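Engineer: Got a structure for you, written out below as structure tokens; questions coming shortly.
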Amino acid sequence: MTVPFADRVKNIRQSDIRRFSAICAAMNGVNLSQGVCDQPAPDEVKAAAKQAIDDDHAIYTNLRGTAELRQAIAAKMRRFNKIECDPETEVAVNVGSAGSFACGVLSTLNPGDECIVFSPFYSYHVNLLKLLGIECRFVDLQPPDWSYASDALKAAFTDRTRMILINTPGNPTGKVYTEAELREIAALANEHNVWIVTDEIYEYITYDRPHVSIGSLPEARERTLTVTGASKTFAVTGWRIGYAVGPAELIDRIAVVNDLFYICAPAPLQYGIQAGLNLPDSYYENMCADYRAKRELIVDTLRGIGFAPYVPAGSYYLLAEFEEGRWANATEATESILHEVGVATVPGSAFYRNPADGARQLRFCYAKQMKDLEDACRRLKKLGVRQATGR
Ligand code: PLP
């Protein structure tokens, strides 16, 4: 007799990304599917974490994170995000920004509430909302610049809407919301009295225009939860340090939920990230320049083999279309490319409310060391030749 599982996990599946990554590793291929940053963390960050281990920072920290890390976060939020926040009451350190998002949603929404989500989306957001019984009301982002139609956004609000979620710079599109878009979203959130949650984990990776935090707009401040963290900025996705910044009453609740699930984020690693937050501007400029060069390489390669990439304005992903008839759908394309040339990607259909909209798209993650990205591009070029000559 099978012991039953909870209803809430009935439709939760491990994403295909894990499956493709496993096949890719087995064939010694290049993995452009998973959004891990495949580069070393800054020496200062590693040294401070090692020192914290040697200094025996081994016990639970304050459930909101160490006071010193929260002070460093508040200083960074003022400097970079243009958000004034009190490190004692308006900042909570969590287990990754994913932990901040989960604690934030658990603190604000009830089952049956609706959250407005832009599509294409980051699947974790939608899966977590579904797990908690929250309904997603989707608004389409339109390529090539991934803008949305104001009318569609206005029409998405109902009397059950309690939250609007944005992700800027975005995964998988690379969309960087403009200030005008953020002002419109803030005005609608005020009109309908809903929370704004903004995932800004790629905040430092923008190519064409600076990142704007919606929480810096005075009209959005009292209802905005900003979630971000160290994973992508310092290439430490496995360290699991993220943080939430928002109104004190919301942060109080997030801290309690965080305490219930995890007690605190990993103690010595909090010291490492504190050191990272003190790195000079040149660190961020170099990181951006490095991703820009990688973006150019992958965009040129894809164009050269008959794909039409949507050039991202930020983050380190892009969606690219393949021509009709080349493969039957995105999953077949992903499998065929993986088996033929050993490059793992993700079917675009995984990111859309209506999977058919992404049936001719693949997502490429270019957060790789340059030599590995070059290897991936060499492999992809072979694919182009094979397709063109029919071999
Ligand atoms: N948010 C987005 C949009 C992401 O793409 C990712 C990871 O890929 C995360 C959050 C996870 O961030 P963290 O490692 O801080 O939990």
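In the structure tokens, each chain is lettered A, B, ... as it comes, each chain's residues begin at 1, and ligands are numbered from 1 in order of appearance.
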Collect all residues with atoms no farther than 7 Å from ligand 1, counting only C-alpha atoms and all ligand atoms, and output them as a ChimeraX atom specification.
Structural biologist: /A:35-36,95-99,122,167,170-171,199,201,228-231,237,240-242
Engineer: Please list as a list in words every residue within 6 Å of stretch 128-141 of chain A, counting only C-alpha atoms and excluding residues in the same chain fewer than 3 positions away.
Structural biologist: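 Counting only the stated atoms, we get Arg8, Pro111, Gly112, Asp113, Glu114, Cys115, Ile116, Val117, Phe118, Ser119, Tyr124, His125, Trp146, Ser147 and Tyr148 of chain A.
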Engineer: Please return as a ChimeraX atom specification: the residues of stretch 61-214 of chain A that backbone DSSP assigns to strand (DSSP E or B).
Structural biologist: /A:91-95,114-119,135-140,142,147,161-167,195-199,206
Engineer: Pick from A:Gln51, A:Ser21, A:Thr345, A:Thr301: nearest to A:Cys365, with only C-alpha atoms counted?
Structural biologist: A:Thr345
Engineer: Would you pick out the contacts of A:Asp372 at 12 Å or less, using only C-alpha atoms, so that residues sharing its chain but fewer than 2 positions from it are not included, and give the list as a ChimeraX atom specification?
Structural biologist: /A:28-32,38-39,294,297-298,343,365-370,374-379
Engineer: How close does each residue of stretch 59-129 of chain A get to stretch 180-198 of chain A, giving the shortest atom pair and distance in Å to one decimal for every residue with an atom at most 10 Å away, counting only C-alpha atoms, sorted by chain and residue number, as JSON lines?
Structural biologist:
{"residue": "A:Phe101", "atom": "CA", "partner": "A:Val197", "partner_atom": "CA", "distance": 8.0}
{"residue": "A:Gly104", "atom": "CA", "partner": "A:Val197", "partner_atom": "CA", "distance": 8.2}
{"residue": "A:Val105", "atom": "CA", "partner": "A:Val197", "partner_atom": "CA", "distance": 8.6}
{"residue": "A:Thr108", "atom": "CA", "partner": "A:Trp195", "partner_atom": "CA", "distance": 7.9}
{"residue": "A:Leu109", "atom": "CA", "partner": "A:Trp195", "partner_atom": "CA", "distance": 9.3}
{"residue": "A:Cys115", "atom": "CA", "partner": "A:Trp195", "partner_atom": "CA", "distance": 9.1}
{"residue": "A:Ile116", "atom": "CA", "partner": "A:Ile196", "partner_atom": "CA", "distance": 9.6}
Engineer: With only C-alpha atoms as the basis for distance, which of A:Leu106, A:Met287, A:Leu338, A:Ile59 is at the shortest distance from A:Cys37?
Structural biologist: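 That would be A:Met287, the residue with the smallest distance to A:Cys37.
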Engineer: Can you tell me how far atom CA of A:Asp55 sits from atom CA of A:Leu260, in Å to one decimal?
Structural biologist: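 The value is 27.0 Å.
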Engineer: Measure the distance from atom CA of A:Thr173 to atom CA of A:Thr161 in Å and round it to one decimal.
Structural biologist: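 Between atom CA of A:Thr173 and atom CA of A:Thr161 the gap is 24.6 Å.
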Engineer: Quick one: residues within 7 Å of A:Gly272, only C-alpha atoms, excluding same-chain residues fewer than 5 positions away - as a list in words?
Structural biologist: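 Answer for this query is Val45, Lys46, Ala48 and Ala49 of chain A.
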Engineer: What are the closest atom pairs, with distances in Å to one decimal, for all residues of stretch 61-103 of chain A lying within 8 Å of stretch 245-248 of chain A? Consider only C-alpha atoms, order rows by chain and residue number, and present the result as a Markdown table.
Structural biologist:
| residue | atom | partner | partner_atom | distance |
| --- | --- | --- | --- | --- |
| A:Cys85 | CA | A:Val245 | CA | 7.4 |
| A:Thr89 | CA | A:Ala248 | CA | 5.2 |
| A:Glu90 | CA | A:Ala248 | CA | 4.8 |
| A:Val91 | CA | A:Val245 | CA | 4.7 |
| A:Ala92 | CA | A:Val245 | CA | 6.6 |
Engineer: Put those residues in a file: all heavy atoms, as a short mmCIF file (atom, residue, chain, number, x, y, z; two decimals), in the first residue's frame.
Structural biologist:
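Written file, again_6.cif:
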data_model
loop_
_atom_site.label_atom_id
_atom_site.label_comp_id
_atom_site.auth_asym_id
_atom_site.auth_seq_id
_atom_site.Cartn_x
_atom_site.Cartn_y
_atom_site.Cartn_z
N CYS A 85 17.60 52.17 4.18
CA CYS A 85 16.94 51.19 5.05
C CYS A 85 17.70 51.10 6.37
O CYS A 85 18.91 51.32 6.42
CB CYS A 85 16.84 49.84 4.36
SG CYS A 85 18.39 49.16 3.83
N THR A 89 16.02 47.03 11.47
CA THR A 89 14.59 46.69 11.33
C THR A 89 14.14 46.39 9.91
O THR A 89 13.09 45.80 9.71
CB THR A 89 13.71 47.86 11.84
OG1 THR A 89 14.05 49.03 11.08
CG2 THR A 89 13.94 48.11 13.32
N GLU A 90 14.92 46.81 8.91
CA GLU A 90 14.41 46.72 7.53
C GLU A 90 15.25 45.80 6.64
O GLU A 90 15.10 45.84 5.42
CB GLU A 90 14.32 48.13 6.93
CG GLU A 90 13.27 48.98 7.64
CD GLU A 90 13.21 50.42 7.13
OE1 GLU A 90 14.27 51.02 6.87
OE2 GLU A 90 12.08 50.93 6.99
N VAL A 91 16.09 44.99 7.25
CA VAL A 91 16.94 44.07 6.48
C VAL A 91 16.89 42.68 7.14
O VAL A 91 17.00 42.58 8.36
CB VAL A 91 18.43 44.53 6.49
CG1 VAL A 91 19.32 43.53 5.74
CG2 VAL A 91 18.58 45.93 5.89
N ALA A 92 16.70 41.64 6.33
CA ALA A 92 16.81 40.26 6.86
C ALA A 92 17.68 39.45 5.93
O ALA A 92 17.49 39.46 4.71
CB ALA A 92 15.44 39.61 6.98
#
Engineer: Return as a PyMOL selection string the full set of residues in stretch 76-120 of chain A whose backbone-based DSSP assignment is alpha helix (DSSP H).
Structural biologist: chain A and resi 76+96-108
Engineer: Under the rule of at most 8 Å, produce a per-residue listing of stretch 121-191 of chain A near stretch 305-317 of chain A: chain, number, name, the closest pair of atoms, and the distance in Å, as CSV, using only C-alpha atoms.
Structural biologist:
residue,atom,partner,partner_atom,distance
A:Pro143,CA,A:Tyr310,CA,7.2
A:Pro144,CA,A:Tyr310,CA,5.8
A:Asp145,CA,A:Tyr310,CA,7.8
A:Pro169,CA,A:Gly314,CA,5.2
A:Gly170,CA,A:Ser315,CA,6.4
A:Asn171,CA,A:Tyr317,CA,6.5
A:Pro172,CA,A:Tyr317,CA,5.7
A:Thr173,CA,A:Pro312,CA,6.3
A:Gly174,CA,A:Pro312,CA,4.4
A:Lys175,CA,A:Ala313,CA,5.7
A:Val176,CA,A:Ala313,CA,5.9
Engineer: For the residues selected in the previous step, produce a file with N, CA and C atoms as a compact mmCIF listing (two decimals), in the first residue's frame.
Structural biologist:
# COMPACT_ATOMS: atom_id res chain seq x y z
N PRO A 143 8.89 40.01 -27.15
CA PRO A 143 10.20 40.24 -27.75
C PRO A 143 10.06 41.27 -28.88
N PRO A 144 11.11 41.93 -29.33
CA PRO A 144 12.50 41.68 -28.91
C PRO A 144 12.93 42.38 -27.62
N ASP A 145 12.18 43.43 -27.17
CA ASP A 145 12.69 44.14 -25.99
C ASP A 145 11.98 43.69 -24.72
N PRO A 169 17.34 42.75 -13.39
CA PRO A 169 17.33 42.17 -14.72
C PRO A 169 16.75 40.75 -14.66
N GLY A 170 16.13 40.35 -15.75
CA GLY A 170 15.31 39.14 -15.71
C GLY A 170 15.97 37.88 -16.21
N ASN A 171 15.53 36.78 -15.65
CA ASN A 171 15.85 35.44 -16.12
C ASN A 171 14.52 34.88 -16.63
N PRO A 172 14.38 34.42 -17.86
CA PRO A 172 15.41 34.10 -18.85
C PRO A 172 15.61 35.19 -19.90
N THR A 173 14.92 36.34 -19.83
CA THR A 173 14.90 37.26 -20.97
C THR A 173 16.06 38.27 -20.96
N GLY A 174 16.60 38.55 -19.77
CA GLY A 174 17.59 39.62 -19.66
C GLY A 174 16.93 40.99 -19.63
N LYS A 175 15.60 41.02 -19.52
CA LYS A 175 14.90 42.32 -19.51
C LYS A 175 15.34 43.17 -18.31
N VAL A 176 15.61 44.45 -18.59
CA VAL A 176 15.88 45.41 -17.52
C VAL A 176 14.73 46.41 -17.57
Engineer: Counting only C-alpha atoms, figure out which residue out of A:Ile17, A:Val126, A:Gln274, A:Ala74 gets nearest to A:Tyr352.
Structural biologist: A:Val126
Engineer: Mind pulling up the distance from atom CA of A:Arg70 to atom CA of A:Val227?
Structural biologist: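 One can read the atom CA of A:Val227 to atom CA of A:Arg70 distance as 13.7 Å.
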